[in-house]
>>> print(open('query18.cif').read())   # mmCIF, C-alpha atoms
data_protein
#
loop_
_atom_site.label_atom_id
_atom_site.label_comp_id
_atom_site.auth_asym_id
_atom_site.auth_seq_id
_atom_site.Cartn_x
_atom_site.Cartn_y
_atom_site.Cartn_z
CA MET Q 1 17.24 -16.25 7.77
CA ALA Q 2 14.86 -13.34 8.23
CA LEU Q 3 15.35 -10.81 11.02
CA THR Q 4 12.59 -10.81 13.61
CA VAL Q 5 10.55 -7.62 14.07
CA ALA Q 6 8.31 -6.20 16.78
CA ILE Q 7 6.22 -3.03 16.41
CA ALA Q 8 5.30 -1.19 19.60
CA GLY Q 9 2.17 0.92 19.12
CA ALA Q 10 1.13 -0.98 16.02
CA SER Q 11 -2.58 -0.19 16.32
CA GLY Q 12 -2.16 3.35 14.94
CA TYR Q 13 -1.90 4.49 11.34
CA VAL Q 14 1.91 4.63 11.39
CA GLY Q 15 2.03 1.15 12.90
CA GLY Q 16 -0.20 -0.10 10.10
CA GLU Q 17 2.10 1.37 7.47
CA ILE Q 18 5.15 -0.19 9.10
CA MET Q 19 3.39 -3.56 9.04
CA ARG Q 20 2.66 -3.15 5.34
CA LEU Q 21 6.28 -2.36 4.54
CA VAL Q 22 7.72 -5.08 6.78
CA ALA Q 23 5.51 -7.62 4.97
CA ASN Q 24 6.98 -6.38 1.68
CA HIS Q 25 10.60 -6.71 2.90
CA PRO Q 26 12.29 -10.05 2.07
CA GLN Q 27 14.71 -9.86 5.02
CA LEU Q 28 12.14 -9.13 7.75
CA GLU Q 29 9.59 -11.26 9.61
CA LEU Q 30 6.97 -9.62 11.82
CA LYS Q 31 6.59 -11.55 15.07
CA THR Q 32 4.97 -9.19 17.59
CA VAL Q 33 2.61 -6.21 17.55
CA THR Q 34 1.76 -4.29 20.72
CA ALA Q 35 -0.94 -1.80 21.61
CA ASN Q 36 -2.61 -0.11 24.54
CA SER Q 37 -6.40 -0.09 24.48
CA ASN Q 38 -6.57 -2.57 21.61
CA VAL Q 39 -4.82 -5.47 23.35
CA GLY Q 40 -6.51 -8.76 22.42
CA GLN Q 41 -7.80 -7.58 19.04
CA THR Q 42 -6.45 -8.90 15.75
CA VAL Q 43 -4.52 -6.80 13.26
CA SER Q 44 -7.29 -7.25 10.68
CA SER Q 45 -9.84 -5.66 13.01
CA LEU Q 46 -7.96 -2.33 12.89
CA HIS Q 47 -6.01 -2.68 9.64
CA PRO Q 48 -8.30 -4.67 7.32
CA GLU Q 49 -6.04 -3.87 4.38
CA ASN Q 50 -3.21 -5.83 6.05
CA THR Q 51 -3.81 -9.33 4.76
CA SER Q 52 -0.29 -10.63 5.41
CA ASN Q 53 -0.45 -10.29 9.19
CA GLY Q 54 -4.18 -10.04 9.80
CA ASP Q 55 -4.29 -12.91 12.29
CA LEU Q 56 -1.66 -11.45 14.63
CA VAL Q 57 -3.08 -10.36 17.97
CA PHE Q 58 -2.11 -7.12 19.68
CA VAL Q 59 -0.36 -7.74 23.01
CA GLU Q 60 0.62 -5.43 25.83
CA THR Q 61 3.59 -3.10 25.36
CA ASN Q 62 6.07 -4.41 27.91
CA ALA Q 63 9.58 -5.79 28.20
CA ALA Q 64 8.52 -9.42 28.08
CA ASN Q 65 6.74 -8.99 24.75
CA LEU Q 66 9.33 -6.78 23.04
CA GLN Q 67 12.66 -8.20 24.14
CA GLY Q 68 14.33 -10.88 22.04
CA HIS Q 69 13.60 -9.41 18.62
CA ASP Q 70 16.31 -8.30 16.19
CA ILE Q 71 14.48 -5.07 15.33
CA VAL Q 72 11.91 -3.00 17.21
CA PHE Q 73 9.92 -0.14 15.68
CA LEU Q 74 8.47 2.35 18.15
CA ALA Q 75 5.25 3.95 16.84
CA MET Q 76 4.17 5.53 20.09
CA PRO Q 77 3.14 8.93 21.48
CA HIS Q 78 5.90 11.39 22.30
CA SER Q 79 7.73 10.64 25.58
CA LYS Q 80 6.61 7.00 25.56
CA SER Q 81 9.35 5.81 23.21
CA ALA Q 82 12.12 6.68 25.64
CA GLU Q 83 10.41 4.64 28.36
CA VAL Q 84 10.24 1.56 26.13
CA ALA Q 85 13.73 1.98 24.68
CA ALA Q 86 15.16 1.92 28.19
CA TYR Q 87 14.40 -1.80 28.54
CA LEU Q 88 15.51 -2.74 25.01
CA GLN Q 89 19.22 -2.06 25.41
CA ASP Q 90 20.19 -5.45 23.93
CA THR Q 91 18.06 -5.01 20.79
CA LYS Q 92 20.13 -4.96 17.60
CA LEU Q 93 18.26 -2.07 15.98
CA ILE Q 94 15.55 0.27 17.27
CA LEU Q 95 13.77 2.80 15.07
CA ASP Q 96 11.71 5.44 16.86
CA CYS Q 97 8.93 6.98 14.78
CA GLY Q 98 8.14 9.44 17.57
CA ALA Q 99 9.99 12.62 18.48
CA ASP Q 100 11.84 11.50 21.60
CA PHE Q 101 15.33 11.25 20.10
CA ARG Q 102 15.22 13.67 17.15
CA LEU Q 103 16.43 16.91 18.70
CA GLU Q 104 20.04 17.67 19.57
CA ASP Q 105 19.26 20.64 21.85
CA PRO Q 106 17.84 19.72 25.29
CA VAL Q 107 16.63 23.31 25.77
CA ALA Q 108 14.56 23.18 22.56
CA TRP Q 109 13.14 19.82 23.62
CA LYS Q 110 12.11 21.14 27.02
CA LYS Q 111 10.54 24.24 25.46
CA PHE Q 112 8.40 22.39 22.93
CA TYR Q 113 7.69 19.09 24.71
CA GLY Q 114 7.81 20.03 28.38
CA THR Q 115 9.72 16.96 29.59
CA GLU Q 116 13.37 16.09 30.11
CA HIS Q 117 15.43 15.36 27.01
CA ALA Q 118 16.01 11.62 26.53
CA GLY Q 119 19.01 11.95 24.22
CA THR Q 120 19.74 12.07 20.49
CA TRP Q 121 19.83 9.17 18.03
CA SER Q 122 21.06 9.03 14.42
CA TYR Q 123 18.63 11.01 12.30
CA GLY Q 124 16.80 8.98 9.67
CA LEU Q 125 16.53 11.24 6.63
CA PRO Q 126 19.09 9.84 4.16
CA GLU Q 127 18.61 12.49 1.47
CA LEU Q 128 19.27 15.51 3.71
CA THR Q 129 22.07 17.57 2.12
CA LEU Q 130 24.73 18.75 4.56
CA ALA Q 131 26.78 21.93 4.46
CA SER Q 132 29.72 19.88 5.73
CA GLY Q 133 29.53 17.71 2.62
CA GLY Q 134 27.59 14.66 1.51
CA LYS Q 135 24.20 13.62 2.82
CA GLN Q 136 22.74 12.24 6.00
CA ARG Q 137 22.79 8.64 4.69
CA GLY Q 138 26.53 8.54 5.37
CA ARG Q 139 25.71 8.90 9.07
CA LEU Q 140 23.23 6.01 9.08
CA ARG Q 141 25.41 3.08 8.08
CA GLN Q 142 25.82 0.45 10.80
CA VAL Q 143 24.01 2.48 13.46
CA THR Q 144 21.87 0.73 16.08
CA ARG Q 145 19.43 3.51 17.00
CA VAL Q 146 17.49 5.71 14.55
CA ALA Q 147 15.21 8.72 15.15
CA VAL Q 148 12.77 8.78 12.24
CA PRO Q 149 11.87 12.35 11.13
CA GLY Q 150 8.51 14.02 11.56
CA CYS Q 151 6.30 13.95 8.47
CA ASN Q 152 5.93 17.74 8.16
CA VAL Q 153 9.65 18.06 8.76
CA THR Q 154 10.43 15.70 5.90
CA ALA Q 155 8.38 17.66 3.37
CA ILE Q 156 9.93 21.00 4.35
CA THR Q 157 13.47 19.70 4.68
CA LEU Q 158 13.53 17.95 1.32
CA ALA Q 159 12.07 21.07 -0.29
CA LEU Q 160 14.54 23.61 1.10
CA ALA Q 161 17.79 21.87 2.02
CA PRO Q 162 19.47 21.90 -1.42
CA ALA Q 163 18.86 25.64 -1.92
CA LEU Q 164 20.31 26.38 1.52
CA THR Q 165 23.32 24.13 1.01
CA ALA Q 166 24.01 25.88 -2.31
CA GLY Q 167 23.55 29.34 -0.78
CA LEU Q 168 20.76 30.39 -3.15
CA ILE Q 169 18.24 31.54 -0.51
CA GLU Q 170 18.43 33.58 2.67
CA PRO Q 171 18.42 31.52 5.90
CA THR Q 172 15.79 33.78 7.48
CA ASP Q 173 12.33 34.86 6.32
CA ILE Q 174 11.48 31.30 5.26
CA VAL Q 175 7.74 30.57 5.26
CA SER Q 176 6.24 27.08 4.96
CA ILE Q 177 2.49 26.45 4.69
CA LEU Q 178 1.50 22.79 4.67
CA SER Q 179 -1.76 21.11 3.69
CA VAL Q 180 -1.84 17.94 5.79
CA GLY Q 181 -4.12 14.89 5.57
CA THR Q 182 -6.22 13.91 8.56
CA SER Q 183 -4.13 10.77 9.24
CA GLY Q 184 -1.41 13.15 10.39
CA ALA Q 185 -3.48 13.77 13.52
CA GLY Q 186 -3.36 10.08 14.49
CA ARG Q 187 -6.03 7.42 14.78
CA PRO Q 188 -7.99 8.85 17.76
CA SER Q 189 -8.68 12.13 15.95
CA VAL Q 190 -9.77 10.61 12.65
CA PRO Q 191 -13.14 9.08 11.76
CA ALA Q 192 -12.98 5.28 11.97
CA ASN Q 193 -13.99 4.80 8.34
CA LYS Q 194 -11.08 6.94 7.11
CA THR Q 195 -13.35 9.50 5.46
CA GLU Q 196 -12.07 12.94 4.60
CA GLY Q 197 -13.25 14.69 7.74
CA ASP Q 198 -15.89 17.39 7.76
CA GLY Q 199 -15.02 19.06 4.47
CA SER Q 200 -13.27 22.05 6.03
CA ALA Q 201 -9.65 23.14 6.34
CA ASN Q 202 -8.27 24.11 9.75
CA ALA Q 203 -4.92 25.68 10.67
CA TYR Q 204 -3.29 24.36 13.83
CA GLY Q 205 -0.04 24.87 15.71
CA VAL Q 206 -0.19 28.51 14.59
CA GLY Q 207 2.34 31.10 15.67
CA GLY Q 208 5.55 29.10 15.85
CA VAL Q 209 4.32 26.70 18.52
CA HIS Q 210 4.13 23.47 16.51
CA ARG Q 211 6.49 20.86 17.92
CA HIS Q 212 8.08 20.18 14.53
CA THR Q 213 9.50 23.72 14.38
CA PRO Q 214 12.82 23.07 16.19
CA GLU Q 215 13.36 19.87 14.20
CA ILE Q 216 12.84 21.72 10.91
CA GLU Q 217 15.27 24.45 11.94
CA GLN Q 218 17.80 21.87 13.14
CA ASN Q 219 17.77 20.12 9.75
CA LEU Q 220 17.91 23.28 7.67
CA SER Q 221 20.72 24.69 9.79
CA LEU Q 222 22.73 21.53 9.09
CA ALA Q 223 22.00 22.03 5.40
CA ALA Q 224 22.94 25.72 5.43
CA GLY Q 225 25.91 25.61 7.78
CA GLU Q 226 24.39 28.49 9.75
CA GLN Q 227 21.32 29.14 11.86
CA VAL Q 228 18.05 29.03 9.94
CA SER Q 229 14.66 30.28 11.10
CA VAL Q 230 11.31 29.15 9.70
CA SER Q 231 7.70 30.26 10.06
CA PHE Q 232 5.75 27.02 9.74
CA THR Q 233 1.97 26.62 9.70
CA PRO Q 234 0.21 23.31 9.04
CA VAL Q 235 -3.37 23.20 7.80
CA LEU Q 236 -5.49 20.09 8.27
CA VAL Q 237 -7.39 19.51 5.02
CA PRO Q 238 -10.13 17.03 4.02
CA MET Q 239 -8.01 14.21 2.62
CA PHE Q 240 -6.92 11.11 4.51
CA ARG Q 241 -3.22 10.94 3.63
CA GLY Q 242 -0.64 13.26 2.12
CA ILE Q 243 1.23 16.53 2.67
CA LEU Q 244 1.59 19.39 0.22
CA ALA Q 245 4.26 21.79 1.45
CA VAL Q 246 4.44 25.24 -0.17
CA ASN Q 247 7.71 26.87 0.90
CA THR Q 248 8.94 30.35 0.05
CA ALA Q 249 12.23 32.07 0.84
CA LYS Q 250 14.01 35.27 -0.13
CA ALA Q 251 16.28 34.64 -3.10
CA LYS Q 252 19.89 35.72 -2.75
CA SER Q 253 21.21 38.18 -5.31
CA GLY Q 254 21.90 36.51 -8.65
CA THR Q 255 19.70 33.47 -8.03
CA THR Q 256 17.97 32.33 -11.21
CA LEU Q 257 15.45 29.61 -11.95
CA ASN Q 258 18.05 27.77 -14.02
CA ALA Q 259 20.51 27.86 -11.12
CA LEU Q 260 17.86 26.52 -8.76
CA ARG Q 261 16.94 23.68 -11.08
CA GLU Q 262 20.57 22.73 -11.58
CA VAL Q 263 21.12 22.57 -7.82
CA TYR Q 264 18.06 20.38 -7.24
CA LEU Q 265 18.81 18.07 -10.13
CA ASP Q 266 22.36 17.71 -8.86
CA ALA Q 267 21.16 17.01 -5.31
CA TYR Q 268 18.33 14.64 -6.17
CA GLY Q 269 18.96 13.42 -9.71
CA ASP Q 270 20.29 10.06 -8.52
CA GLU Q 271 17.87 9.62 -5.62
CA ALA Q 272 15.47 6.69 -5.95
CA PHE Q 273 12.63 8.35 -4.05
CA ILE Q 274 12.85 12.09 -4.83
CA HIS Q 275 11.68 13.41 -8.17
CA VAL Q 276 12.27 16.95 -9.41
CA LEU Q 277 9.45 17.77 -11.80
CA PRO Q 278 9.93 19.47 -15.17
CA GLU Q 279 9.95 23.26 -15.24
CA GLY Q 280 6.46 24.68 -14.72
CA GLU Q 281 5.07 21.50 -13.14
CA PHE Q 282 4.10 21.09 -9.49
CA PRO Q 283 3.19 18.00 -7.47
CA SER Q 284 -0.10 16.71 -6.13
CA THR Q 285 -0.56 14.45 -3.15
CA GLY Q 286 -2.81 11.91 -4.85
CA ALA Q 287 -0.13 10.83 -7.28
CA LEU Q 288 2.08 9.77 -4.37
CA SER Q 289 -0.51 7.94 -2.28
CA GLY Q 290 0.94 4.86 -0.58
CA SER Q 291 4.41 5.35 -2.08
CA ASN Q 292 7.77 6.30 -0.60
CA ASN Q 293 8.29 9.05 -3.16
CA ALA Q 294 8.62 12.82 -2.82
CA ALA Q 295 7.90 15.12 -5.75
CA ILE Q 296 9.26 18.65 -5.97
CA GLY Q 297 8.32 21.61 -8.16
CA ILE Q 298 10.43 24.78 -8.38
CA ALA Q 299 9.59 28.38 -9.24
CA LEU Q 300 11.14 31.82 -8.90
CA ASP Q 301 8.74 34.67 -8.15
CA GLU Q 302 10.65 37.53 -9.73
CA HIS Q 303 8.03 40.06 -8.65
CA SER Q 304 8.65 39.46 -4.94
CA GLY Q 305 12.20 38.11 -5.24
CA ARG Q 306 11.20 34.86 -3.58
CA VAL Q 307 11.95 31.24 -4.38
CA VAL Q 308 8.94 28.90 -4.28
CA ILE Q 309 9.54 25.19 -3.68
CA VAL Q 310 6.53 22.85 -3.55
CA CYS Q 311 6.97 19.34 -2.16
CA ALA Q 312 4.40 16.55 -1.91
CA ILE Q 313 4.71 13.30 0.05
CA ASP Q 314 2.56 10.63 1.62
CA ASN Q 315 2.83 11.52 5.31
CA LEU Q 316 2.49 7.91 6.47
CA VAL Q 317 5.10 6.46 4.10
CA LYS Q 318 7.83 8.87 2.98
CA GLY Q 319 6.89 10.97 6.00
CA THR Q 320 7.37 8.13 8.49
CA ALA Q 321 7.31 4.38 7.77
CA GLY Q 322 9.18 4.53 4.47
CA ALA Q 323 11.94 6.65 5.97
CA ALA Q 324 12.20 4.09 8.76
CA ILE Q 325 12.69 1.26 6.26
CA GLN Q 326 15.26 3.27 4.28
CA SER Q 327 17.18 3.89 7.49
CA LEU Q 328 16.89 0.24 8.51
CA ASN Q 329 18.34 -0.83 5.17
CA LEU Q 330 21.28 1.53 5.53
CA ALA Q 331 21.94 0.49 9.12
CA LEU Q 332 21.95 -3.20 8.24
CA GLY Q 333 23.85 -2.96 4.96
CA PHE Q 334 20.93 -3.79 2.64
CA ASP Q 335 20.10 -1.96 -0.57
CA GLU Q 336 18.41 1.25 0.55
CA ALA Q 337 15.34 0.61 -1.61
CA LEU Q 338 14.79 -2.98 -0.44
CA GLY Q 339 11.15 -3.56 0.46
CA LEU Q 340 10.08 -0.17 -0.87
CA GLU Q 341 9.69 -1.00 -4.55
CA GLY Q 342 6.18 -0.88 -5.95
CA ILE Q 343 4.38 -0.16 -2.68
CA GLY Q 344 2.13 2.67 -3.88
CA PHE Q 345 -1.58 2.36 -4.54
CA SER Q 346 -4.17 4.44 -6.27
CA ALA Q 347 -5.54 7.41 -4.37
#
>>> encode(input="query18.cif", output="structure tokens")
Amino acid sequence: MALTVAIAGASGYVGGEIMRLVANHPQLELKTVTANSNVGQTVSSLHPENTSNGDLVFVETNAANLQGHDIVFLAMPHSKSAEVAAYLQDTKLILDCGADFRLEDPVAWKKFYGTEHAGTWSYGLPELTLASGGKQRGRLRQVTRVAVPGCNVTAITLALAPALTAGLIEPTDIVSILSVGTSGAGRPSVPANKTEGDGSANAYGVGGVHRHTPEIEQNLSLAAGEQVSVSFTPVLVPMFRGILAVNTAKAKSGTTLNALREVYLDAYGDEAFIHVLPEGEFPSTGALSGSNNAAIGIALDEHSGRVVIVCAIDNLVKGTAGAAIQSLNLALGFDEALGLEGIGFSA
């Protein structure tokens, strides 16, 4: 018997991706979708590509509509998830795709989000390598509450964590520049026809103020076993979906390209959704469109003594909805890849 699912905030782009993946999952049945200003509209009116659930009607986000489901996905603005989670205490599994429960440090939360810290849930990035041994997936089995990572965070973390865990790069002077698709800004900021914006690239969250910064540093510190600092700048570029993260860090003495490649192949060689490209090759976002995959290219800039790790993902899938499904599968004892096979589509 399928597990019943509700998606709070399903009118947005992330909500649409979750719907697509839930429809592809043999153990899940979507029952309820909620929204704010779009209450009363059908799913097909906002997500015409969603043919499986197109006749569902968006209802109000409240306790009466969300209680009684086995699983609830929260795809809501920051600070709203905690409000909704408070009246879903009896729900078997909740997965928050917002930021409310990602950070462990209440001070960092207050600094970057300006509200009181709601708490910390199990972090939903299974492939994160840990200095203490193993990977984050070992901490996701049989949990009931999951904080799904930020999309920028996922691209940077997957790119840098293995090198930090292996001690091949310095934990400071790390620089990450990300090219981010317009869907990363959310539905209200993107043209309704999903065009590629105005043809220009625009940096935002410049100067260490982007809210993903403490989450990135939290992950990489867990990978390194010591405090890590990152200079992170996202750039909104004229494509609808995707993130290309170019990350550089000071190489530790004795680090070679061969050593780097061995570390990454060891860390990710058996991962279903992370692919280390052949030497000299680097990823592009279009090749990953609609899929739950991450692709990584590795270089060593001997002139500057810096390691260069390039990671590409689809921000809506591997960056959010796909990670949520992976975490759901681990929490419920399913195969981690269930529902995620063959979900990509041509860019």
>>> resolve_selection(input="query18.cif", expression="the PyMOL selection byres ((chain Q and resi 67-71) around 9)", output="compact mmCIF listing (two decimals) with C-alpha atoms, in the coordinates of the input")
# COMPACT_ATOMS: atom_id res chain seq x y z
CA LEU Q 3 15.35 -10.81 11.02
CA THR Q 4 12.59 -10.81 13.61
CA VAL Q 5 10.55 -7.62 14.07
CA ALA Q 6 8.31 -6.20 16.78
CA ILE Q 7 6.22 -3.03 16.41
CA LEU Q 28 12.14 -9.13 7.75
CA LYS Q 31 6.59 -11.55 15.07
CA THR Q 32 4.97 -9.19 17.59
CA ASN Q 62 6.07 -4.41 27.91
CA ALA Q 63 9.58 -5.79 28.20
CA ALA Q 64 8.52 -9.42 28.08
CA ASN Q 65 6.74 -8.99 24.75
CA LEU Q 66 9.33 -6.78 23.04
CA VAL Q 72 11.91 -3.00 17.21
CA PHE Q 73 9.92 -0.14 15.68
CA TYR Q 87 14.40 -1.80 28.54
CA LEU Q 88 15.51 -2.74 25.01
CA ASP Q 90 20.19 -5.45 23.93
CA THR Q 91 18.06 -5.01 20.79
CA LYS Q 92 20.13 -4.96 17.60
CA LEU Q 93 18.26 -2.07 15.98
CA ILE Q 94 15.55 0.27 17.27
CA LEU Q 95 13.77 2.80 15.07
CA LEU Q 328 16.89 0.24 8.51
>>> resolve_selection(input="query18.cif", expression="the PyMOL selection byres ((chain Q and resi 239-242) around 8)", output="list in words")
Val180, Gly181, Thr182, Ser183, Gly184, Lys194, Thr195, Glu196, Gly197, Val237, Pro238, Ile243, Leu244, Thr285, Gly286, Leu288, Ser289, Ala312, Ile313, Asp314, Asn315 and Leu316 of chain Q
>>> closest_residue(input="query18.cif", among="Q:Ser200, Q:Ser81, Q:Ser253, Q:Ser284", to="Q:Ala147", atoms="all atoms listed in the file")
Q:Ser81
>>> resolve_selection(input="query18.cif", expression="the PyMOL selection byres ((chain Q and resi 76) around 10)", output="ChimeraX atom specification")
/Q:7-12,14-15,35-36,73-75,77-82,84,96-100
>>> atom_distance(input="query18.cif", atom1="atom CA of Q:Ala2", atom2="atom CA of Q:Glu341")
18.5 Å
>>> closest_residue(input="query18.cif", among="Q:Leu340, Q:Ala224, Q:Ile156, Q:Ala295", to="Q:Tyr268", atoms="all atoms listed in the file")
Q:Ala295
>>> atom_distance(input="query18.cif", atom1="atom CA of Q:Ala323", atom2="atom CA of Q:Pro149")
7.7 Å
>>> closest_residue(input="query18.cif", among="Q:Val57, Q:Val228, Q:Ile177, Q:Leu257", to="Q:Thr34", atoms="all atoms listed in the file")
Q:Val57
>>> atom_distance(input="query18.cif", atom1="atom CA of Q:Gly280", atom2="atom CA of Q:Ala161")
20.4 Å
